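> One file is attached below, my_file39.csv, containing CSV, C-alpha atoms.
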```csv
chain,number,residue,atom,x,y,z
B,17,MET,CA,18.1,-30.9,-31.1
B,18,GLY,CA,16.5,-33.7,-28.9
B,19,ILE,CA,17.1,-36.4,-26.4
B,20,CYS,CA,19.5,-39.4,-27.0
B,21,PRO,CA,17.3,-42.5,-26.3
B,22,ARG,CA,20.3,-44.3,-24.7
B,23,CYS,CA,21.7,-41.8,-22.2
B,24,GLY,CA,19.3,-38.8,-22.2
B,25,SER,CA,21.8,-36.2,-23.5
B,26,TRP,CA,20.9,-33.4,-25.9
B,27,VAL,CA,21.9,-34.3,-29.5
B,28,ASP,CA,20.9,-33.2,-33.0
B,29,GLU,CA,18.7,-35.4,-35.2
B,30,GLY,CA,20.8,-38.2,-36.7
B,31,ASP,CA,24.0,-37.0,-35.0
B,32,VAL,CA,26.2,-39.3,-32.9
B,33,CYS,CA,25.8,-38.7,-29.2
B,34,ARG,CA,29.1,-37.4,-27.7
B,35,SER,CA,28.3,-39.0,-24.3
B,36,CYS,CA,27.5,-42.6,-25.3
B,37,GLY,CA,28.1,-42.9,-29.0
B,38,GLY,CA,24.4,-43.6,-29.8
B,39,VAL,CA,22.4,-42.0,-32.6
B,40,ARG,CA,19.3,-39.9,-31.9
B,41,GLU,CA,16.4,-41.5,-33.8
B,42,VAL,CA,13.3,-39.8,-32.2
B,43,GLU,CA,11.3,-36.8,-33.5
B,44,TYR,CA,11.8,-33.2,-32.3
B,45,ASP,CA,9.8,-32.3,-29.2
B,46,GLU,CA,7.8,-29.1,-28.6
B,47,TYR,CA,10.9,-27.0,-27.7
B,48,ASP,CA,12.9,-28.1,-30.8
B,49,GLU,CA,10.6,-27.0,-33.7
B,50,TYR,CA,12.1,-24.5,-36.0
B,51,ASP,CA,11.8,-23.5,-39.6
B,52,GLU,CA,14.4,-24.2,-42.2
B,53,GLY,CA,16.8,-21.3,-42.5
B,54,ASP,CA,16.5,-20.3,-38.8
B,55,GLU,CA,19.9,-19.5,-37.3
B,56,GLU,CA,21.2,-21.4,-34.3
B,57,VAL,CA,21.4,-19.2,-31.3
B,58,CYS,CA,24.2,-21.1,-29.7
B,59,ASP,CA,27.0,-23.3,-31.0
B,60,ASP,CA,26.9,-25.6,-27.9
B,61,PRO,CA,24.6,-28.5,-28.8
B,62,TYR,CA,24.1,-29.3,-25.1
B,63,VAL,CA,22.4,-25.9,-24.4
B,64,ASP,CA,18.8,-25.2,-25.1
B,65,LEU,CA,18.6,-21.4,-25.0
B,66,GLU,CA,14.9,-21.3,-25.6
B,67,ALA,CA,14.3,-23.4,-22.5
B,68,ILE,CA,16.6,-21.1,-20.5
B,69,ARG,CA,14.8,-18.0,-21.8
B,70,TYR,CA,11.4,-19.5,-21.0
B,71,SER,CA,12.5,-20.5,-17.4
B,72,ALA,CA,14.2,-17.2,-16.7
B,73,ASP,CA,11.3,-15.2,-18.1
B,74,GLU,CA,8.9,-17.1,-15.8
B,75,LYS,CA,11.1,-16.3,-12.8
B,76,LEU,CA,11.3,-12.6,-13.6
B,77,GLU,CA,7.5,-12.4,-14.1
B,78,SER,CA,7.1,-14.1,-10.7
B,79,ALA,CA,9.6,-11.7,-9.1
B,80,MET,CA,7.5,-8.7,-10.4
B,81,PHE,CA,4.4,-10.2,-8.9
B,82,GLU,CA,6.1,-10.7,-5.6
B,83,LYS,CA,7.4,-7.2,-5.6
B,84,ARG,CA,4.2,-5.4,-6.6
B,85,ALA,CA,1.3,-7.6,-5.4
B,86,ASN,CA,2.7,-9.4,-2.3
B,87,HIS,CA,5.4,-6.8,-1.4
B,88,ASN,CA,7.7,-9.8,-0.7
B,89,LEU,CA,11.0,-8.2,-1.6
B,90,LYS,CA,13.2,-11.0,-0.3
B,91,GLU,CA,11.4,-13.6,-2.5
B,92,ALA,CA,11.5,-11.3,-5.5
B,93,MET,CA,15.3,-10.8,-5.1
B,94,ARG,CA,15.8,-14.6,-4.8
B,95,LEU,CA,13.9,-15.2,-8.0
B,96,VAL,CA,15.8,-12.4,-9.9
B,97,ASN,CA,19.2,-13.8,-8.7
B,98,SER,CA,18.1,-17.3,-9.8
B,99,ALA,CA,17.2,-16.0,-13.2
B,100,ILE,CA,20.5,-14.1,-13.6
B,101,ASP,CA,22.4,-17.2,-12.7
B,102,GLU,CA,20.4,-19.2,-15.2
B,103,ILE,CA,21.0,-16.7,-18.0
B,104,GLY,CA,24.7,-16.7,-17.3
B,105,SER,CA,26.9,-15.1,-19.9
B,106,TYR,CA,25.0,-16.1,-23.1
B,107,GLY,CA,25.2,-13.2,-25.4
B,108,GLU,CA,22.0,-14.3,-27.1
B,109,LEU,CA,20.1,-13.6,-23.9
B,110,ASN,CA,21.4,-10.1,-23.2
B,111,ASP,CA,18.0,-8.5,-23.5
B,112,LEU,CA,16.6,-10.7,-20.8
B,113,LYS,CA,19.7,-10.1,-18.6
B,114,GLN,CA,19.3,-6.3,-18.9
B,115,TRP,CA,15.7,-6.6,-17.7
B,116,ALA,CA,16.8,-8.8,-14.8
B,117,LEU,CA,19.6,-6.4,-13.7
B,118,SER,CA,17.2,-3.5,-14.0
B,119,LEU,CA,14.6,-5.3,-11.9
B,120,LYS,CA,17.2,-6.3,-9.4
B,121,SER,CA,18.2,-2.6,-9.0
B,122,GLU,CA,14.6,-1.6,-8.4
B,123,ILE,CA,14.1,-4.3,-5.7
B,124,LYS,CA,17.4,-3.4,-4.0
B,125,GLY,CA,16.3,0.3,-3.9
B,126,GLU,CA,13.0,-0.7,-2.3
B,127,MET,CA,14.7,-2.9,0.2
B,128,GLU,CA,16.9,0.0,1.2
B,129,ASP,CA,13.8,2.3,1.5
B,130,VAL,CA,12.1,-0.3,3.8
B,131,ALA,CA,15.2,-0.6,5.9
B,132,ALA,CA,15.4,3.2,6.2
B,133,ASP,CA,11.7,3.4,7.1
B,134,LYS,CA,12.2,0.9,9.9
B,135,ARG,CA,15.2,2.8,11.3
B,136,TYR,CA,13.3,6.1,11.3
B,137,GLU,CA,10.2,4.5,12.8
B,138,GLY,CA,12.4,3.2,15.6
B,139,ILE,CA,13.7,6.8,16.2
B,140,LEU,CA,10.1,8.2,16.2
B,141,LYS,CA,8.8,5.5,18.5
B,142,ARG,CA,11.5,6.3,21.1
B,143,LYS,CA,10.8,10.0,20.9
B,144,GLY,CA,7.0,9.4,21.4
B,145,ARG,CA,4.2,10.2,18.9
B,146,ASP,CA,2.7,12.7,21.4
B,147,LYS,CA,5.8,14.9,21.0
B,148,LEU,CA,5.8,14.8,17.2
B,149,VAL,CA,3.7,16.3,14.4
B,150,HIS,CA,3.9,16.2,10.6
B,151,MET,CA,4.3,19.5,8.7
B,152,CYS,CA,3.2,19.7,5.1
B,153,GLY,CA,2.4,22.3,2.5
B,154,TYR,CA,6.0,23.4,2.3
B,155,ASP,CA,7.8,23.8,-1.0
B,156,ARG,CA,11.4,23.0,0.0
B,157,MET,CA,13.3,20.5,2.1
B,158,PHE,CA,14.0,21.5,5.7
B,159,ASN,CA,17.0,19.7,7.2
B,160,SER,CA,18.5,21.9,9.9
B,161,ASN,CA,18.1,21.4,13.6
B,162,ASP,CA,18.5,25.1,14.1
B,163,LEU,CA,15.0,25.8,12.7
B,164,VAL,CA,12.3,26.5,15.2
B,165,PHE,CA,8.7,27.1,14.0
B,166,ARG,CA,5.7,28.8,15.5
B,167,LEU,CA,2.4,26.8,15.5
B,168,VAL,CA,-0.7,29.0,15.5
B,169,LYS,CA,-4.0,27.2,16.2
B,170,GLU,CA,-7.3,28.5,14.8
B,171,LYS,CA,-10.8,28.1,16.2
B,172,SER,CA,-11.6,25.5,13.6
B,173,GLY,CA,-8.8,23.3,14.8
B,174,PHE,CA,-6.5,24.0,11.8
B,175,ILE,CA,-2.9,24.6,12.8
B,176,ASN,CA,-0.6,26.8,10.8
B,177,VAL,CA,3.1,26.5,10.8
B,178,CYS,CA,5.0,29.8,10.6
B,179,TYR,CA,8.6,30.9,10.4
B,180,GLY,CA,8.7,34.4,11.7
B,181,ASP,CA,5.6,36.2,10.2
B,182,MET,CA,5.6,33.9,7.1
B,183,LYS,CA,3.2,31.0,6.9
B,184,ILE,CA,5.1,28.1,5.5
B,185,GLY,CA,2.8,25.1,6.0
B,186,TYR,CA,0.3,23.4,8.4
B,187,VAL,CA,0.1,20.4,10.7
B,188,SER,CA,-1.3,17.5,8.8
B,189,GLU,CA,-3.7,14.7,9.7
B,190,ASN,CA,-2.2,11.2,10.5
B,191,TRP,CA,-2.6,9.4,7.1
B,192,GLY,CA,-2.2,5.8,8.4
B,193,HIS,CA,1.0,6.4,10.3
B,194,GLU,CA,-0.4,6.3,13.8
B,195,ILE,CA,2.9,5.0,15.2
B,196,CYS,CA,4.8,8.1,14.0
B,197,TYR,CA,3.2,11.3,15.0
B,198,SER,CA,0.0,13.0,16.4
B,199,SER,CA,-2.7,14.3,14.0
B,200,VAL,CA,-4.5,17.6,14.1
B,201,SER,CA,-7.6,16.1,15.7
B,202,GLU,CA,-5.5,14.8,18.6
B,203,LEU,CA,-4.0,18.1,19.5
B,204,THR,CA,-7.0,19.5,21.3
B,205,ASN,CA,-4.9,20.6,24.3
B,206,LEU,CA,-2.3,22.4,22.3
B,207,PRO,CA,-2.2,26.2,23.2
B,208,LYS,CA,-3.2,28.8,20.6
B,209,VAL,CA,0.4,29.6,20.0
B,210,SER,CA,3.1,27.0,20.6
B,211,TYR,CA,6.6,26.1,19.2
B,212,ALA,CA,8.2,23.2,17.5
B,213,LYS,CA,11.7,22.5,16.1
B,214,TYR,CA,12.8,20.4,13.2
B,215,PHE,CA,13.3,16.8,14.3
B,216,CYS,CA,13.9,14.8,11.1
B,217,ARG,CA,12.8,14.1,7.6
B,218,TYR,CA,11.1,10.8,7.6
B,219,PRO,CA,11.8,9.2,4.2
B,220,GLY,CA,8.4,7.6,3.8
B,221,ARG,CA,8.5,4.8,1.3
B,222,TYR,CA,4.9,5.5,0.4
B,223,ASN,CA,5.4,9.2,-0.1
B,224,TYR,CA,5.5,9.7,-3.9
B,225,VAL,CA,6.7,13.3,-3.9
B,226,PRO,CA,10.1,13.3,-5.7
B,227,ASP,CA,13.1,14.1,-3.6
B,228,SER,CA,11.0,14.7,-0.6
B,229,GLY,CA,9.7,13.1,2.6
B,230,TRP,CA,7.7,13.8,5.7
B,231,VAL,CA,9.1,16.8,7.7
B,232,ILE,CA,8.6,15.8,11.3
B,233,LEU,CA,8.6,18.5,14.0
B,234,GLU,CA,9.1,18.0,17.8
B,235,LEU,CA,6.8,20.0,20.0
B,236,LEU,CA,8.6,22.3,22.5
B,237,ASP,CA,7.1,22.7,26.0
B,238,ASP,CA,9.5,25.3,27.5
B,239,TYR,CA,10.2,27.8,24.7
B,240,SER,CA,9.6,31.5,25.1
B,241,PRO,CA,8.4,34.0,22.4
B,242,ARG,CA,11.4,36.3,23.3
B,243,LYS,CA,13.9,33.5,22.5
B,244,TYR,CA,12.0,32.6,19.3
B,245,TRP,CA,12.1,36.1,17.9
B,246,THR,CA,15.7,36.5,18.9
B,247,GLU,CA,16.7,33.4,16.9
B,248,ILE,CA,14.5,34.2,14.0
B,249,ASN,CA,16.6,37.3,13.2
B,250,LYS,CA,19.2,34.9,11.8
B,251,GLU,CA,17.3,35.6,8.5
B,252,ILE,CA,17.2,32.1,7.0
B,253,LYS,CA,15.9,32.5,3.4
B,254,LEU,CA,13.0,30.2,2.7
B,255,ASN,CA,11.9,29.8,-0.9
B,256,ILE,CA,8.2,29.2,-0.7
B,257,ASP,CA,5.8,28.9,-3.7
B,258,ASP,CA,2.9,30.9,-2.4
B,259,ASP,CA,0.4,29.7,-5.0
B,260,LEU,CA,1.2,26.1,-4.3
B,261,LEU,CA,1.1,26.6,-0.6
B,262,LYS,CA,-2.4,28.3,-0.8
B,263,LYS,CA,-3.7,25.5,-3.0
B,264,ARG,CA,-2.5,22.8,-0.5
B,265,GLU,CA,-3.7,24.8,2.4
B,266,THR,CA,-7.2,25.1,0.9
B,267,GLU,CA,-7.4,21.4,0.4
B,268,ALA,CA,-6.1,20.7,3.9
B,269,ARG,CA,-8.6,23.1,5.5
B,270,LYS,CA,-11.4,21.3,3.7
B,271,LYS,CA,-10.2,17.9,5.0
B,272,VAL,CA,-10.0,19.2,8.5
B,273,ARG,CA,-13.5,20.6,8.4
B,274,GLN,CA,-14.8,17.2,7.0
B,275,LEU,CA,-13.0,15.3,9.7
B,276,ILE,CA,-14.4,17.5,12.4
B,277,THR,CA,-17.9,16.9,10.9
B,278,ILE,CA,-17.3,13.1,10.9
B,279,ASN,CA,-16.0,13.2,14.5
B,280,GLN,CA,-19.2,14.7,15.7
B,281,HIS,CA,-21.0,11.4,15.1
B,282,SER,CA,-20.3,8.0,16.6
B,283,LYS,CA,-19.0,5.1,14.5
B,284,LYS,CA,-22.3,3.1,14.8
B,285,ASP,CA,-24.2,6.0,13.1
B,286,LEU,CA,-21.9,6.3,10.0
B,287,ILE,CA,-21.4,4.1,6.9
B,288,THR,CA,-19.1,4.2,3.9
B,289,ILE,CA,-20.6,3.9,0.4
B,290,VAL,CA,-18.5,1.9,-2.1
B,291,GLY,CA,-18.9,0.5,-5.6
B,292,THR,CA,-20.2,3.8,-7.0
B,293,SER,CA,-18.2,3.3,-10.2
B,294,PHE,CA,-20.0,0.1,-11.0
B,295,GLN,CA,-23.5,1.4,-10.5
B,296,LYS,CA,-25.5,4.3,-11.9
B,297,GLN,CA,-23.4,7.4,-11.6
B,298,VAL,CA,-24.8,10.1,-9.3
B,299,GLN,CA,-23.4,13.4,-8.0
B,300,PHE,CA,-23.5,13.1,-4.2
B,301,LYS,CA,-24.5,16.2,-2.3
B,302,GLU,CA,-24.4,17.0,1.4
B,303,GLY,CA,-27.8,16.1,2.9
B,304,MET,CA,-28.9,13.9,0.0
B,305,LYS,CA,-31.5,11.3,1.0
B,306,LEU,CA,-30.4,7.7,0.6
B,307,LYS,CA,-32.3,4.4,0.9
B,308,LEU,CA,-30.6,1.3,2.3
B,309,VAL,CA,-31.9,-2.1,1.3
B,310,LYS,CA,-30.5,-5.4,2.7
B,311,GLU,CA,-29.7,-8.1,0.1
B,312,PRO,CA,-29.5,-11.4,2.1
B,313,ASP,CA,-29.7,-13.4,-1.2
B,314,ASN,CA,-26.6,-11.6,-2.6
B,315,SER,CA,-24.3,-14.3,-4.0
B,316,TYR,CA,-21.2,-12.3,-3.2
B,317,ASP,CA,-22.0,-11.1,0.3
B,318,LYS,CA,-24.9,-12.3,2.6
B,319,ASP,CA,-24.5,-9.0,4.6
B,320,ALA,CA,-24.7,-6.8,1.5
B,321,ILE,CA,-26.7,-3.6,1.9
B,322,ALA,CA,-27.5,-1.7,-1.4
B,323,VAL,CA,-27.6,2.1,-1.5
B,324,TYR,CA,-30.3,3.8,-3.5
B,325,VAL,CA,-31.0,7.4,-4.6
B,326,GLY,CA,-34.6,7.3,-5.5
B,327,SER,CA,-35.1,4.2,-7.6
B,328,ASP,CA,-31.5,4.0,-8.8
B,329,LYS,CA,-28.9,1.8,-7.1
B,330,VAL,CA,-25.7,3.8,-6.6
B,331,GLY,CA,-23.5,1.6,-4.5
B,332,TYR,CA,-23.2,-0.6,-1.4
B,333,VAL,CA,-22.3,-0.2,2.2
B,334,ALA,CA,-18.6,-1.1,2.6
B,335,ASN,CA,-18.0,-4.4,4.2
B,336,SER,CA,-14.2,-4.9,4.4
B,337,ASN,CA,-11.3,-3.2,6.2
B,338,GLU,CA,-9.8,-2.3,2.8
B,339,THR,CA,-12.8,-0.3,1.6
B,340,ASN,CA,-14.4,0.9,4.8
B,341,PHE,CA,-13.4,4.2,6.5
B,342,SER,CA,-12.2,3.4,10.0
B,343,LYS,CA,-14.6,5.8,11.7
B,344,SER,CA,-17.7,4.2,10.1
B,345,SER,CA,-19.5,0.8,10.5
B,346,MET,CA,-19.3,-2.0,8.0
B,347,ALA,CA,-22.4,-3.8,6.7
B,348,SER,CA,-21.7,-6.9,8.7
B,349,GLU,CA,-21.9,-4.7,11.9
B,350,LEU,CA,-25.4,-3.5,11.1
B,351,LYS,CA,-27.3,-6.7,12.1
B,352,ASN,CA,-30.1,-4.7,13.8
B,353,LEU,CA,-30.7,-2.4,10.8
B,354,PRO,CA,-34.2,-3.0,9.3
B,355,LYS,CA,-34.4,-4.6,5.8
B,356,ILE,CA,-35.2,-1.1,4.4
B,357,SER,CA,-33.8,2.0,6.2
B,358,HIS,CA,-32.6,5.4,5.3
B,359,ALA,CA,-29.6,7.7,5.6
B,360,ARG,CA,-28.3,11.1,4.7
B,361,TYR,CA,-25.1,11.8,2.7
B,362,LEU,CA,-22.6,13.5,5.0
B,363,THR,CA,-19.3,14.2,3.1
B,364,ASP,CA,-16.7,12.9,0.7
B,365,TYR,CA,-13.6,12.5,2.9
B,366,PHE,CA,-10.7,11.9,0.4
B,367,ASP,CA,-12.0,8.8,-1.6
B,368,TYR,CA,-14.6,7.8,1.0
B,369,HIS,CA,-18.3,8.6,0.6
B,370,ILE,CA,-19.6,8.9,4.2
B,371,ALA,CA,-23.3,8.9,5.1
B,372,LYS,CA,-25.2,9.1,8.4
B,373,LEU,CA,-27.8,6.6,9.4
B,374,LYS,CA,-31.3,7.3,10.8
B,375,TRP,CA,-31.8,10.8,9.5
B,376,GLU,CA,-34.9,12.6,10.7
```
Take the structure in this file and express it as structure tokens.

Amino acid sequence: MGICPRCGSWVDEGDVCRSCGGVREVEYDEYDEYDEGDEEVCDDPYVDLEAIRYSADEKLESAMFEKRANHNLKEAMRLVNSAIDEIGSYGELNDLKQWALSLKSEIKGEMEDVAADKRYEGILKRKGRDKLVHMCGYDRMFNSNDLVFRLVKEKSGFINVCYGDMKIGYVSENWGHEICYSSVSELTNLPKVSYAKYFCRYPGRYNYVPDSGWVILELLDDYSPRKYWTEINKEIKLNIDDDLLKKRETEARKKVRQLITINQHSKKDLITIVGTSFQKQVQFKEGMKLKLVKEPDNSYDKDAIAVYVGSDKVGYVANSNETNFSKSSMASELKNLPKISHARYLTDYFDYHIAKLKWE
């Protein structure tokens, strides 16, 4: 199949053009090469299915990029719909159509999740983040407004969530959702024993626990212990996996201790070490001595500061919002740091390696 030299219509080699009556006399182009014995995929000589497949495939690949890399769901949906329209009802392109419909379903689900997140964030904003906390560590879904919980604060700052005498979870830190609820480190004025009721289950598009979400509690100011223990006698059965809860609680306690340690220092005294996987591997330990060396001739970053353990380079000081922990300084903010200085390793808070400058 090729182009008629008179009117530009698609026509087979040597055949008479149905549009103008001319005969195609040119060679096949790059889309028309096929071996003898290949089956025609479509009886309609005016349709180039390979060109359609190529175009639709490009649009679907672009849609996946927009969905995963740019998080632009509207553009991704537009590209998928365009590809589906282009594929049409050609049976020979059913495999491509199934992929397009599957991708469309995924994008639609994510768009619904985003819409739900926005609705819930609006509800949480109106209530006020100082009145809300996030409970985690549980092993079931709480969805009843009748449930009231007891919050027990420890000296370390860790806050347990109890139902009756049974510990069912703990108040979590604020993992990037500052607009939603207060974190443990912000509840310094909370009494040793306080009360909170179930407020909602925030869907949380970025919460990857299946069939779950963030359980949000509302702090109660005027709630008496007598009323609590009267209502608790309703005997609501709670199925808690004790081993799972203890494991999660141990991890959470460690993170709270680490955060308390970090909060004891000012931002200008702390740095985040990155790039450890690209340098010589080292097992960081609390109190480990580190040497910092500025690299003004670094072709990638003129503010680069290399981190050494002994004579081995083990990483760099973080210098971007994506890699730097918010409570530490970036390399570009350490203009007054000498060309060669020192630090001590402080802690590994989640995926962040935190060190303290100017150790004695």
> Just to confirm, what's the straight-line distance from CA of Phe341 in chain B to CA of Ser198 in chain B in Å (one decimal)?
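Going from CA of Phe341 in chain B over to CA of Ser198 in chain B, I get 18.8 Å.
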> Enter the distance from CA of Ile321 in chain B to CA of Leu308 in chain B, in Å, rounded to one decimal.
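Going from CA of Ile321 in chain B over to CA of Leu308 in chain B covers 6.3 Å.
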> Which polymer residues have any atom within 10 Å of an atom of range 278-290 of chain B, counting only C-alpha atoms, with same-chain residues fewer than 3 positions away left out, as a ChimeraX atom specification?
/B:201,272-275,293-295,321-323,330-335,339-347,349-350,359-365,367-375
> Tell me, as a list of chain:residue names, which residues lie within 8 Å of Glu126 in chain B, counting all atoms listed in the file; anything in the same chain fewer than 3 positions away does not count.
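Contacts, with the query itself left out: B:Leu89, B:Glu122, B:Ile123, B:Asp129, B:Val130, B:Arg221.
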> Just want the 10 Å neighbourhood of range 139-148 of chain B, counted on all atoms listed in the file, with same-chain residues fewer than 5 positions away dropped. Output as a PyMOL selection string.
chain B and resi 133-134+193-199+202-203+212-216+218+232-237
> Using only C-alpha atoms for the distances, tell me which of B:Glu108, B:Leu117, B:Phe165, B:Asn86 is nearest to Tyr239 in chain B.
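Using only C-alpha atoms, the shortest distance to Tyr239 in chain B belongs to B:Phe165.
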> Nearest to Asp319 in chain B among B:Ser188, B:Thr204, B:Ser105, B:Asn352, with distances taken over all atoms listed in the file: which residue is it?
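Of B:Ser188, B:Thr204, B:Ser105, B:Asn352, the one nearest Asp319 in chain B, counting all atoms listed in the file, is B:Asn352.
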> Between B:Ala268, B:Ala320, B:Leu95, B:Val325, which one has atoms that come closest to Lys301 in chain B, using only C-alpha atoms?
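Between B:Ala268, B:Ala320, B:Leu95, B:Val325, the residue approaching Lys301 in chain B most closely is B:Val325.
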> Within 9 Å of Tyr186 in chain B, counting only C-alpha atoms, which residues qualify if same-chain residues fewer than 4 places away don't, as a PyMOL selection string?
chain B and resi 150-154+167+174-178+265+268
> Take the residues from that selection and put them in a file with C-alpha atoms, as a compact mmCIF listing (two decimals), keeping the file's coordinate frame.

```txt
# COMPACT_ATOMS: atom_id res chain seq x y z
CA HIS B 150 3.90 16.20 10.60
CA MET B 151 4.30 19.50 8.70
CA CYS B 152 3.20 19.70 5.10
CA GLY B 153 2.40 22.30 2.50
CA TYR B 154 6.00 23.40 2.30
CA LEU B 167 2.40 26.80 15.50
CA PHE B 174 -6.50 24.00 11.80
CA ILE B 175 -2.90 24.60 12.80
CA ASN B 176 -0.60 26.80 10.80
CA VAL B 177 3.10 26.50 10.80
CA CYS B 178 5.00 29.80 10.60
CA GLU B 265 -3.70 24.80 2.40
CA ALA B 268 -6.10 20.70 3.90
```
> For Gly173 in chain B, which of B:Lys271, B:Arg217, B:Lys310, B:Arg84 is the closest residue, counting all atoms listed in the file?
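Nearest to Gly173 in chain B: B:Lys271.
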> Of the candidates B:Asp238, B:Glu302, B:Glu189, B:Glu170, which shows the shortest atom-to-atom distance to Val209 in chain B, using only C-alpha atoms?
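Closest residue, counting only C-alpha atoms: B:Glu170.
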> Report, in Å to a single decimal, how far apart CA of Asp73 in chain B and CA of Leu112 in chain B are.
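Result for CA of Leu112 in chain B versus CA of Asp73 in chain B: 7.5 Å, one decimal.
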> Neighbours of Arg69 in chain B within 10 Å (all atoms listed in the file; same-chain residues fewer than 5 positions away dropped), as an NGL selection string?
:B and (64 or 74-75 or 99 or 102-103 or 108-109 or 112-113)
> Nearest residue to Gln114 in chain B out of B:Trp245, B:Leu76, B:Val231, B:Glu82, using only C-alpha atoms?
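Looking only at the distances to Gln114 in chain B, the closest residue turns out to be B:Leu76.
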